[in-house]
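Quick look at target17.txt (compact mmCIF, C-alpha atoms and all ligand atoms):
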# COMPACT_ATOMS: atom_id res chain seq x y z
CA MET A 1 15.44 -29.45 -15.60
CA THR A 2 17.98 -28.19 -13.07
CA LEU A 3 16.76 -25.33 -10.96
CA SER A 4 19.21 -23.13 -9.21
CA TYR A 5 17.95 -20.22 -7.17
CA THR A 6 20.38 -17.87 -5.58
CA GLN A 7 19.99 -14.58 -3.79
CA ALA A 8 22.06 -11.95 -5.55
CA THR A 9 20.71 -8.84 -3.87
CA PRO A 10 21.18 -7.82 -0.24
CA ALA A 11 17.92 -7.44 1.71
CA PRO A 12 16.18 -4.27 0.44
CA LEU A 13 14.55 -3.62 3.82
CA ALA A 14 17.42 -1.70 5.40
CA SER A 15 17.45 0.95 2.67
CA ALA A 16 13.65 1.30 2.30
CA ARG A 17 12.04 4.67 2.83
CA ARG A 18 8.50 3.42 3.27
CA VAL A 19 7.48 -0.08 4.34
CA VAL A 20 4.07 -1.75 4.45
CA ILE A 21 3.88 -4.80 6.72
CA LYS A 22 1.01 -7.28 6.54
CA ILE A 23 0.37 -9.38 9.62
CA SER A 24 -1.71 -12.51 9.19
CA SER A 25 -4.34 -13.63 11.70
CA SER A 26 -2.41 -16.82 12.40
CA LEU A 27 0.49 -14.78 13.87
CA LEU A 28 -1.50 -12.35 15.92
CA VAL A 29 -4.32 -14.51 17.18
CA ASP A 30 -3.89 -17.73 19.11
CA GLY A 31 -6.27 -19.93 17.12
CA ALA A 32 -7.23 -22.24 19.98
CA ARG A 33 -7.88 -19.50 22.55
CA GLU A 34 -8.96 -16.86 20.03
CA GLU A 35 -6.93 -14.27 21.90
CA VAL A 36 -4.23 -11.81 20.90
CA ARG A 37 -0.69 -13.17 21.33
CA HIS A 38 0.48 -10.19 23.35
CA ASP A 39 4.07 -11.43 23.76
CA TRP A 40 4.51 -11.85 20.04
CA LEU A 41 2.90 -8.46 19.37
CA ALA A 42 5.22 -6.73 21.85
CA GLY A 43 8.33 -8.12 20.08
CA PHE A 44 7.01 -7.27 16.65
CA ILE A 45 6.08 -3.73 17.69
CA LYS A 46 9.56 -3.21 19.11
CA ASP A 47 10.94 -3.97 15.64
CA VAL A 48 8.42 -1.65 14.01
CA VAL A 49 9.31 1.20 16.34
CA ALA A 50 13.02 0.64 15.67
CA CYS A 51 12.36 1.02 11.91
CA ARG A 52 10.30 4.15 12.50
CA ASN A 53 12.96 5.63 14.77
CA ALA A 54 15.49 4.96 12.01
CA GLY A 55 13.43 7.27 9.77
CA GLN A 56 11.32 4.73 7.86
CA ASP A 57 7.60 5.27 7.29
CA ILE A 58 5.72 2.20 8.50
CA ILE A 59 2.15 1.22 7.61
CA LEU A 60 0.64 -1.92 9.11
CA VAL A 61 -2.05 -3.96 7.38
CA THR A 62 -3.41 -6.40 9.90
CA SER A 63 -5.82 -9.28 9.81
CA GLY A 64 -7.39 -10.76 12.90
CA ALA A 65 -10.71 -8.95 13.37
CA VAL A 66 -12.85 -11.93 12.46
CA ALA A 67 -10.66 -14.35 14.45
CA LEU A 68 -10.92 -12.15 17.57
CA GLY A 69 -14.61 -11.40 17.14
CA ARG A 70 -15.57 -15.07 17.00
CA ARG A 71 -14.77 -15.49 20.65
CA VAL A 72 -16.70 -12.42 21.73
CA LEU A 73 -19.77 -13.67 19.91
CA LYS A 74 -19.17 -17.29 20.99
CA LEU A 75 -19.40 -18.48 17.39
CA PRO A 76 -18.67 -22.17 16.77
CA PRO A 77 -15.42 -23.21 15.04
CA GLY A 78 -15.48 -23.69 11.27
CA PRO A 79 -16.61 -21.53 8.37
CA LEU A 80 -18.85 -18.58 9.21
CA ARG A 81 -21.87 -17.32 7.31
CA LEU A 82 -21.47 -13.85 5.81
CA GLU A 83 -23.55 -12.12 8.48
CA GLU A 84 -21.63 -13.96 11.21
CA SER A 85 -18.23 -12.91 9.85
CA GLN A 86 -19.45 -9.31 9.41
CA ALA A 87 -20.62 -9.27 13.04
CA ALA A 88 -17.40 -10.94 14.21
CA ALA A 89 -15.31 -8.36 12.31
CA ALA A 90 -17.28 -5.51 13.90
CA CYS A 91 -16.61 -6.87 17.42
CA GLY A 92 -13.08 -8.05 16.76
CA GLN A 93 -11.81 -4.91 15.04
CA ILE A 94 -12.10 -2.88 18.25
CA ARG A 95 -10.03 -5.45 20.10
CA LEU A 96 -7.54 -5.68 17.27
CA ALA A 97 -6.97 -1.93 17.11
CA HIS A 98 -6.81 -1.74 20.90
CA ALA A 99 -4.08 -4.40 21.04
CA TYR A 100 -1.93 -2.36 18.63
CA GLN A 101 -2.72 0.87 20.43
CA GLU A 102 -1.58 -0.58 23.76
CA ALA A 103 1.56 -2.15 22.31
CA LEU A 104 2.56 1.11 20.59
CA ALA A 105 1.67 3.27 23.59
CA LEU A 106 4.51 1.58 25.49
CA HIS A 107 6.80 3.33 22.99
CA SER A 108 4.77 6.57 23.04
CA VAL A 109 3.77 6.08 19.40
CA ALA A 110 0.27 7.04 18.29
CA VAL A 111 -1.77 4.72 16.09
CA ALA A 112 -4.55 5.50 13.63
CA GLN A 113 -7.11 3.03 12.30
CA ILE A 114 -8.16 3.02 8.65
CA LEU A 115 -10.70 0.52 7.30
CA LEU A 116 -10.81 0.19 3.52
CA THR A 117 -12.96 -1.38 0.85
CA PRO A 118 -11.73 -2.10 -2.71
CA SER A 119 -13.47 1.00 -4.06
CA ASP A 120 -11.39 3.15 -1.69
CA THR A 121 -8.26 2.11 -3.55
CA GLU A 122 -9.86 2.20 -7.01
CA GLU A 123 -12.19 5.23 -7.17
CA ARG A 124 -10.18 8.34 -7.77
CA ARG A 125 -11.74 10.60 -5.16
CA SER A 126 -11.51 8.12 -2.28
CA TYR A 127 -8.09 7.01 -3.44
CA LEU A 128 -6.76 10.56 -3.33
CA ASN A 129 -8.32 11.16 0.08
CA VAL A 130 -6.96 7.94 1.57
CA ARG A 131 -3.54 8.68 0.15
CA ALA A 132 -3.53 12.23 1.49
CA THR A 133 -4.69 11.09 4.94
CA LEU A 134 -2.05 8.38 5.13
CA ARG A 135 0.65 10.83 4.03
CA ASN A 136 -0.47 13.26 6.74
CA LEU A 137 -0.50 10.60 9.41
CA LEU A 138 2.99 9.44 8.46
CA GLY A 139 4.18 13.04 8.49
CA LEU A 140 2.82 13.36 12.02
CA GLY A 141 4.77 10.29 13.15
CA VAL A 142 1.66 8.12 13.56
CA ILE A 143 1.61 4.42 12.61
CA PRO A 144 -1.51 3.69 10.54
CA ILE A 145 -3.18 0.31 11.12
CA ILE A 146 -5.24 -0.80 8.14
CA ASN A 147 -7.72 -3.61 7.72
CA GLU A 148 -10.50 -4.33 5.29
CA ASN A 149 -13.84 -2.86 6.32
CA ASP A 150 -15.27 -6.35 6.64
CA THR A 151 -18.60 -5.20 8.04
CA VAL A 152 -19.60 -3.48 4.80
CA THR A 153 -18.00 -5.74 2.20
CA THR A 154 -19.44 -8.94 0.75
CA PRO A 155 -17.57 -11.77 -1.02
CA ALA A 156 -18.31 -10.18 -4.40
CA LEU A 157 -17.11 -6.76 -3.31
CA ARG A 158 -14.11 -7.38 -1.15
CA PHE A 159 -10.35 -7.76 -1.52
CA THR A 160 -9.75 -11.45 -1.99
CA ASP A 161 -7.57 -11.33 1.13
CA ASN A 162 -5.42 -8.97 3.15
CA ASP A 163 -2.33 -9.84 1.05
CA GLN A 164 -3.98 -8.10 -1.86
CA LEU A 165 -5.18 -5.22 0.32
CA ALA A 166 -1.61 -4.74 1.59
CA ALA A 167 -0.23 -4.76 -1.97
CA ARG A 168 -2.76 -2.14 -3.05
CA VAL A 169 -1.86 0.03 -0.07
CA ALA A 170 1.85 -0.39 -0.87
CA ALA A 171 1.25 0.63 -4.50
CA MET A 172 -0.98 3.56 -3.54
CA MET A 173 1.57 4.85 -1.03
CA GLU A 174 4.64 4.25 -3.24
CA ALA A 175 6.18 2.01 -0.61
CA ASP A 176 9.60 0.56 -1.44
CA VAL A 177 9.00 -2.64 0.48
CA LEU A 178 6.02 -4.81 1.35
CA LEU A 179 6.52 -7.56 3.94
CA LEU A 180 3.96 -10.35 4.09
CA LEU A 181 4.43 -11.93 7.49
CA SER A 182 2.65 -15.21 7.98
CA ASP A 183 3.42 -18.78 8.94
CA THR A 184 5.10 -19.37 5.57
CA GLU A 185 8.85 -18.77 5.41
CA GLY A 186 8.93 -18.11 1.68
CA PHE A 187 8.23 -19.40 -1.79
CA TYR A 188 9.05 -22.97 -2.81
CA THR A 189 9.05 -24.82 -6.13
CA ALA A 190 6.19 -26.90 -4.65
CA ASP A 191 4.36 -27.18 -1.33
CA PRO A 192 7.15 -28.40 1.04
CA GLY A 193 4.53 -30.03 3.25
CA LEU A 194 3.52 -32.31 0.38
CA ASP A 195 6.69 -32.61 -1.70
CA PRO A 196 10.02 -33.37 0.06
CA THR A 197 11.97 -32.36 -3.07
CA ALA A 198 10.53 -28.81 -2.98
CA GLN A 199 13.28 -26.19 -3.29
CA PHE A 200 13.28 -22.82 -1.52
CA ILE A 201 13.44 -19.80 -3.85
CA PRO A 202 15.14 -16.78 -2.22
CA GLU A 203 14.60 -14.32 -5.08
CA VAL A 204 12.05 -13.86 -7.86
CA ARG A 205 12.54 -11.15 -10.49
CA ALA A 206 9.55 -11.89 -12.69
CA ILE A 207 6.38 -13.89 -12.17
CA THR A 208 6.80 -16.23 -15.10
CA PRO A 209 4.22 -18.95 -15.91
CA GLU A 210 6.73 -21.38 -14.34
CA ILE A 211 6.66 -19.47 -11.03
CA ALA A 212 2.86 -19.12 -11.18
CA ALA A 213 2.54 -22.89 -11.65
CA MET A 214 4.56 -23.51 -8.47
CA ALA A 215 2.14 -21.59 -6.25
CA GLY A 216 -0.39 -24.41 -5.72
CA GLU A 217 -3.25 -23.95 -3.29
CA THR A 218 -1.53 -23.78 0.13
CA ARG A 219 -3.57 -22.15 2.87
CA SER A 220 -2.95 -21.35 6.50
CA GLY A 221 -5.53 -22.14 9.18
CA THR A 222 -6.90 -18.71 10.05
CA GLY A 223 -6.48 -16.22 7.20
CA ARG A 224 -7.83 -16.24 3.67
CA GLY A 225 -4.57 -15.84 1.75
CA GLY A 226 -2.56 -18.76 0.34
CA MET A 227 0.49 -18.86 -1.95
CA LYS A 228 -1.56 -17.96 -5.04
CA ALA A 229 -2.89 -14.93 -3.21
CA LYS A 230 0.67 -13.96 -2.32
CA LEU A 231 1.64 -14.08 -5.99
CA VAL A 232 -1.30 -11.82 -6.88
CA ALA A 233 0.01 -9.42 -4.25
CA ALA A 234 3.55 -9.73 -5.65
CA ARG A 235 2.30 -8.80 -9.14
CA ILE A 236 0.59 -5.66 -7.84
CA ALA A 237 3.61 -4.68 -5.75
CA MET A 238 6.23 -5.31 -8.44
CA LYS A 239 4.25 -3.37 -11.04
CA ALA A 240 4.33 -0.42 -8.65
CA GLY A 241 8.09 -0.74 -8.16
CA CYS A 242 7.76 -2.18 -4.66
CA ALA A 243 9.90 -5.13 -3.48
CA MET A 244 7.86 -7.74 -1.63
CA ALA A 245 9.00 -10.38 0.84
CA ILE A 246 7.19 -13.49 2.00
CA ALA A 247 8.60 -14.31 5.41
CA ARG A 248 7.91 -16.27 8.54
CA GLY A 249 6.52 -13.91 11.14
CA SER A 250 6.36 -16.17 14.15
CA LEU A 251 9.89 -15.34 15.37
CA ALA A 252 10.22 -13.07 18.40
CA HIS A 253 11.65 -10.27 16.21
CA PRO A 254 10.54 -11.01 12.66
CA VAL A 255 11.32 -7.60 11.12
CA GLN A 256 14.73 -7.36 12.75
CA ALA A 257 15.51 -10.83 11.39
CA LEU A 258 14.74 -9.62 7.88
CA ARG A 259 16.79 -6.47 8.34
CA ASP A 260 19.67 -8.73 9.26
CA GLY A 261 19.24 -10.61 5.97
CA GLY A 262 17.11 -13.47 7.39
CA ARG A 263 15.58 -16.17 5.23
CA CYS A 264 12.65 -15.14 3.09
CA THR A 265 11.68 -14.85 -0.57
CA TRP A 266 12.13 -11.45 -2.16
CA PHE A 267 10.09 -10.46 -5.21
CA LEU A 268 12.17 -7.73 -6.80
CA PRO A 269 10.74 -5.17 -9.25
CA GLU A 270 12.51 -3.80 -12.28
CA HIS A 271 11.99 -0.14 -11.33
CA SER A 272 11.87 1.96 -8.14
CA PRO A 273 8.37 3.03 -6.92
CA VAL A 274 8.90 6.61 -8.13
CA ALA A 275 10.13 5.48 -11.54
CA ALA A 276 7.24 2.97 -11.87
CA TRP A 277 4.71 5.67 -10.93
CA LYS A 278 6.18 8.14 -13.41
CA ILE A 279 6.34 5.56 -16.19
CA TRP A 280 2.64 4.90 -15.53
CA ILE A 281 1.78 8.61 -15.59
CA ALA A 282 3.83 9.30 -18.71
CA GLY A 283 2.84 6.28 -20.73
CA SER A 284 -0.34 4.52 -19.87
CA LEU A 285 -2.84 7.31 -19.29
CA ASN A 286 -5.00 9.16 -21.74
CA PRO A 287 -4.73 12.92 -20.99
CA GLN A 288 -8.13 14.53 -20.32
CA GLY A 289 -6.97 18.12 -20.73
CA VAL A 290 -4.11 20.41 -21.69
CA LEU A 291 -2.32 23.06 -19.64
CA ASN A 292 -0.16 25.59 -21.50
CA ILE A 293 2.56 27.05 -19.32
CA ASP A 294 4.99 29.96 -19.51
CA ALA A 295 8.77 29.73 -19.92
CA GLY A 296 9.47 30.21 -16.18
CA ALA A 297 7.19 27.31 -15.24
CA ALA A 298 8.76 25.12 -17.97
CA GLN A 299 12.18 25.82 -16.51
CA ALA A 300 10.93 24.95 -13.00
CA LEU A 301 9.55 21.62 -14.25
CA GLN A 302 12.90 20.78 -15.88
CA GLN A 303 14.49 21.33 -12.46
CA GLY A 304 12.13 18.79 -10.87
CA LYS A 305 9.74 21.32 -9.31
CA SER A 306 5.93 21.26 -9.10
CA LEU A 307 3.70 23.12 -11.54
CA LEU A 308 2.19 26.14 -9.79
CA ALA A 309 -1.02 27.79 -10.97
CA ALA A 310 0.85 31.08 -11.47
CA GLY A 311 2.78 29.62 -14.42
CA VAL A 312 -0.27 28.32 -16.31
CA VAL A 313 -1.46 30.50 -19.19
CA ALA A 314 -4.26 28.39 -20.69
CA VAL A 315 -6.40 25.42 -19.65
CA THR A 316 -8.34 23.30 -22.13
CA GLY A 317 -10.61 20.30 -21.60
CA ALA A 318 -13.11 19.02 -19.05
CA PHE A 319 -11.39 17.02 -16.34
CA GLU A 320 -11.74 16.10 -12.68
CA ARG A 321 -9.27 16.34 -9.82
CA GLY A 322 -6.73 13.51 -10.18
CA ASP A 323 -7.19 13.15 -13.96
CA PRO A 324 -4.13 12.93 -16.21
CA VAL A 325 -3.39 16.09 -18.22
CA SER A 326 -0.80 17.07 -20.79
CA VAL A 327 1.51 20.01 -20.02
CA ARG A 328 2.63 22.02 -23.03
CA ILE A 329 4.80 25.04 -23.62
CA GLN A 330 3.33 27.95 -25.53
CA ASN A 331 4.31 26.65 -28.98
CA GLY A 332 2.23 23.53 -28.23
CA ALA A 333 5.06 21.03 -27.62
CA GLU A 334 4.30 18.58 -24.79
CA ILE A 335 6.91 18.62 -22.04
CA ALA A 336 5.21 16.69 -19.23
CA ARG A 337 2.18 14.75 -18.08
CA GLY A 338 0.72 14.74 -14.64
CA LEU A 339 -2.25 14.16 -12.38
CA ILE A 340 -3.92 17.49 -11.77
CA ALA A 341 -4.97 18.60 -8.29
CA TYR A 342 -7.96 20.66 -9.52
CA ASN A 343 -10.90 20.10 -11.83
CA GLY A 344 -11.13 22.00 -15.15
CA ASP A 345 -13.33 24.86 -13.87
CA GLU A 346 -11.16 25.42 -10.81
CA ALA A 347 -7.97 25.29 -12.88
CA ARG A 348 -9.35 27.97 -15.25
CA LYS A 349 -10.20 30.21 -12.29
CA ILE A 350 -6.81 30.04 -10.59
CA MET A 351 -4.48 29.91 -13.62
CA GLY A 352 -2.02 32.78 -13.65
CA HIS A 353 -2.58 33.47 -9.94
CA LYS A 354 -0.60 32.96 -6.78
CA SER A 355 -2.07 30.89 -3.94
CA GLU A 356 -2.97 33.98 -1.86
CA ALA A 357 -5.70 34.71 -4.42
CA PHE A 358 -7.20 31.18 -4.41
CA GLU A 359 -9.59 31.73 -1.53
CA HIS A 360 -11.12 34.74 -3.24
CA LEU A 361 -11.24 33.01 -6.66
CA LEU A 362 -12.50 29.59 -5.53
CA GLY A 363 -14.30 30.36 -2.30
CA TYR A 364 -11.85 28.22 -0.33
CA SER A 365 -8.11 28.12 0.15
CA SER A 366 -6.31 25.23 -1.45
CA ARG A 367 -2.95 23.88 -2.47
CA GLU A 368 -0.51 25.97 -4.43
CA GLU A 369 0.55 23.23 -6.84
CA MET A 370 -1.65 22.60 -9.80
CA ILE A 371 0.36 19.41 -10.34
CA HIS A 372 2.56 18.20 -7.50
CA ARG A 373 6.06 17.14 -8.62
CA ASP A 374 5.41 13.61 -7.28
CA ASP A 375 2.54 13.32 -9.75
CA LEU A 376 4.39 14.82 -12.70
CA ALA A 377 6.52 13.05 -15.33
CA LEU A 378 8.60 14.85 -17.95
CA VAL A 379 8.13 13.38 -21.42
N1 LIG B 401 -9.86 -8.85 7.20
C1 LIG B 401 -9.91 -10.14 7.82
C2 LIG B 401 -9.79 -10.00 9.34
O1 LIG B 401 -9.23 -9.05 9.83
C3 LIG B 401 -8.80 -11.07 7.37
C4 LIG B 401 -8.65 -11.30 5.89
C5 LIG B 401 -7.43 -12.18 5.56
O2 LIG B 401 -6.99 -12.94 6.41
O3 LIG B 401 -6.92 -12.09 4.45
O4 LIG B 401 -10.21 -10.83 10.09
Any chance you could put this one into structure tokens?
Amino acid sequence: MTLSYTQATPAPLASARRVVIKISSSLLVDGAREEVRHDWLAGFIKDVVACRNAGQDIILVTSGAVALGRRVLKLPPGPLRLEESQAAAACGQIRLAHAYQEALALHSVAVAQILLTPSDTEERRSYLNVRATLRNLLGLGVIPIINENDTVTTPALRFTDNDQLAARVAAMMEADVLLLLSDTEGFYTADPGLDPTAQFIPEVRAITPEIAAMAGETRSGTGRGGMKAKLVAARIAMKAGCAMAIARGSLAHPVQALRDGGRCTWFLPEHSPVAAWKIWIAGSLNPQGVLNIDAGAAQALQQGKSLLAAGVVAVTGAFERGDPVSVRIQNGAEIARGLIAYNGDEARKIMGHKSEAFEHLLGYSSREEMIHRDDLALV
């Protein structure tokens, strides 16, 4: 079999609107001294700030808490018991966040720390809250720093690794690009450390069984993720319409290098994040309720606007906030599907009203859109 892998597409990073960057422990923490590599961090943060100043939203997913906490607790080298790694994460996370805070403060950029568990990206209520908080932080110009909440998770209940966590964050936040920075420069047909004939693959457009078979079991010294883990992350990202790169992060300016078209492997999705999200809303969800809307609201939806409560004339079904619902015009024809921002009882109370009346009707003021246009797909 002759394999020929070429890169047809220019680097998607320059045109991305929102970028999630995952930093592995092996980049950030000097394994022998168990200390933050401040010089490396300063160069990396300079790149991050340049992206942000160019108008891109940046979210960092960083490992390193356990690696930094080991030293504080004087734990011996080698594998840790669960309670030791939970304690190490608790001690190391403060240092980790502090290192980013200091590096970003030099550029007058504020940082926010968010620690997640798998249920936070899977359970609807937490998912919506995390998403809203991250959107707010980005709107305020803050750079969110995310890690797994290692002190409360156990092996059965955690993300397999931070590659997967980063991919879930990228999907949840409709990022265009996910960068996995580690000590691996990209994806090869085999482990180049073991097989001298291994070929570098600059671009992957589908994770075929052939690609999956190439992943092997490579691991880096400090983190949990290997090549297989990176492919799991690529699947999650691509399904959400997010392009993912595996790239070497140890350069002085790793993000700038990628912006300039540097060597890496790109995993390129078929659709954009917005299109992938809307395809998912329109096709793969079972509507839990029906909203009938008036002609004015129907016209607004056709123009790409949100569905406001004022245009809703009837609400049927029992549903929770974030559930998928069907939107129909008065003759019953379905024109859209979306994720509703209110539960069934609330929706019935506010339908037909403008937002000024919501406080009186619900007992609290709340958002004007019954379905935000980002969460609405015309069918
Ligand atoms: N969350 C872990 C830490 O910060 C790292 C997990 C991983 O490397 O994938 O130490």
**Request:** Can you tell me which residues come within 10 Å of ligand LIG 401 (chain B) when counting only C-alpha atoms and all ligand atoms, ideally as a PyMOL selection string?
**Result:** chain A and resi 22-26+29+61-70+85-86+88-90+92-93+96+115-116+146-151+158-166+220-226+229
**Item:** Neighbour list for Thr197 of chain A as a PyMOL selection string, cut-off 12 Å, all atoms listed in the file, skip fewer than 5 positions in-chain
**Value:** chain A and resi 3+188-192
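Of the listed residues (A:Pro12, A:Gly141, A:Pro155, A:Pro324), A:Pro324 comes nearest to Gly338 of chain A; the distances count only C-alpha atoms.
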Around (-7.9, 13.1, -14.5) in the file's frame, which residues reach within 10 Å when counting only C-alpha atoms? Return as a PDB file with C-alpha atoms, in the coordinates of the input?
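Saved result, part.pdb, follows:
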ATOM      1  CA  ARG A 124     -10.180   8.340  -7.770  1.00  0.00           C
ATOM      2  CA  LEU A 285      -2.840   7.310 -19.290  1.00  0.00           C
ATOM      3  CA  ASN A 286      -5.000   9.160 -21.740  1.00  0.00           C
ATOM      4  CA  PRO A 287      -4.730  12.920 -20.990  1.00  0.00           C
ATOM      5  CA  GLN A 288      -8.130  14.530 -20.320  1.00  0.00           C
ATOM      6  CA  GLY A 289      -6.970  18.120 -20.730  1.00  0.00           C
ATOM      7  CA  ALA A 318     -13.110  19.020 -19.050  1.00  0.00           C
ATOM      8  CA  PHE A 319     -11.390  17.020 -16.340  1.00  0.00           C
ATOM      9  CA  GLU A 320     -11.740  16.100 -12.680  1.00  0.00           C
ATOM     10  CA  ARG A 321      -9.270  16.340  -9.820  1.00  0.00           C
ATOM     11  CA  GLY A 322      -6.730  13.510 -10.180  1.00  0.00           C
ATOM     12  CA  ASP A 323      -7.190  13.150 -13.960  1.00  0.00           C
ATOM     13  CA  PRO A 324      -4.130  12.930 -16.210  1.00  0.00           C
ATOM     14  CA  VAL A 325      -3.390  16.090 -18.220  1.00  0.00           C
ATOM     15  CA  GLY A 338       0.720  14.740 -14.640  1.00  0.00           C
ATOM     16  CA  LEU A 339      -2.250  14.160 -12.380  1.00  0.00           C
ATOM     17  CA  ILE A 340      -3.920  17.490 -11.770  1.00  0.00           C
ATOM     18  CA  ALA A 341      -4.970  18.600  -8.290  1.00  0.00           C
ATOM     19  CA  TYR A 342      -7.960  20.660  -9.520  1.00  0.00           C
ATOM     20  CA  ASN A 343     -10.900  20.100 -11.830  1.00  0.00           C
ATOM     21  CA  GLY A 344     -11.130  22.000 -15.150  1.00  0.00           C
TER      22      GLY A 344
END
**Interatomic distance, atom CA of Ile145 of chain A to atom CA of Ile59 of chain A (Å, one decimal)** = 6.4 Å
**Message:** One decimal, in Å: what's the spacing between atom CA of Gly78 of chain A and atom CA of Asp30 of chain A?
**Reply:** 15.2 Å
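Considering the residues A:Arg367, A:Arg328, A:His107, A:Arg52 and counting only C-alpha atoms, Lys354 of chain A has its shortest atom-to-atom contact with A:Arg367.
When atom CA of Leu157 of chain A is paired with atom CA of Ser119 of chain A, their separation reads 8.6 Å.
The nearest approach to Asp120 of chain A among the residues A:Lys239, A:Arg168, A:Arg18, A:Arg337, with only C-alpha atoms taken into account, belongs to A:Arg168.
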**Prompt:** Using only C-alpha atoms, which of A:Leu181, A:Ala110, A:Ala175, A:Ala50 sits nearest Pro254 of chain A?
**Reply:** A:Leu181
Would you list the residues near (3.1, 28.8, -12.4) (no more than 9 Å away, in the coordinates of the file, using all atoms listed in the file) as a short mmCIF file (atom, residue, chain, number, x, y, z; two decimals) with C-alpha atoms, in the frame of the given file?
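After the write, result_35.cif holds the following:
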data_model
loop_
_atom_site.label_atom_id
_atom_site.label_comp_id
_atom_site.auth_asym_id
_atom_site.auth_seq_id
_atom_site.Cartn_x
_atom_site.Cartn_y
_atom_site.Cartn_z
CA ILE A 293 2.56 27.05 -19.32
CA ASP A 294 4.99 29.96 -19.51
CA GLY A 296 9.47 30.21 -16.18
CA ALA A 297 7.19 27.31 -15.24
CA ALA A 298 8.76 25.12 -17.97
CA ALA A 300 10.93 24.95 -13.00
CA SER A 306 5.93 21.26 -9.10
CA LEU A 307 3.70 23.12 -11.54
CA LEU A 308 2.19 26.14 -9.79
CA ALA A 309 -1.02 27.79 -10.97
CA ALA A 310 0.85 31.08 -11.47
CA GLY A 311 2.78 29.62 -14.42
CA VAL A 312 -0.27 28.32 -16.31
CA VAL A 313 -1.46 30.50 -19.19
CA MET A 351 -4.48 29.91 -13.62
CA GLY A 352 -2.02 32.78 -13.65
CA HIS A 353 -2.58 33.47 -9.94
CA LYS A 354 -0.60 32.96 -6.78
CA GLU A 369 0.55 23.23 -6.84
CA MET A 370 -1.65 22.60 -9.80
#
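Proximity ranking of A:Gln256, A:Ser250, A:Thr265, A:Ser272 relative to Met227 of chain A places A:Thr265 first, based on only C-alpha atoms.
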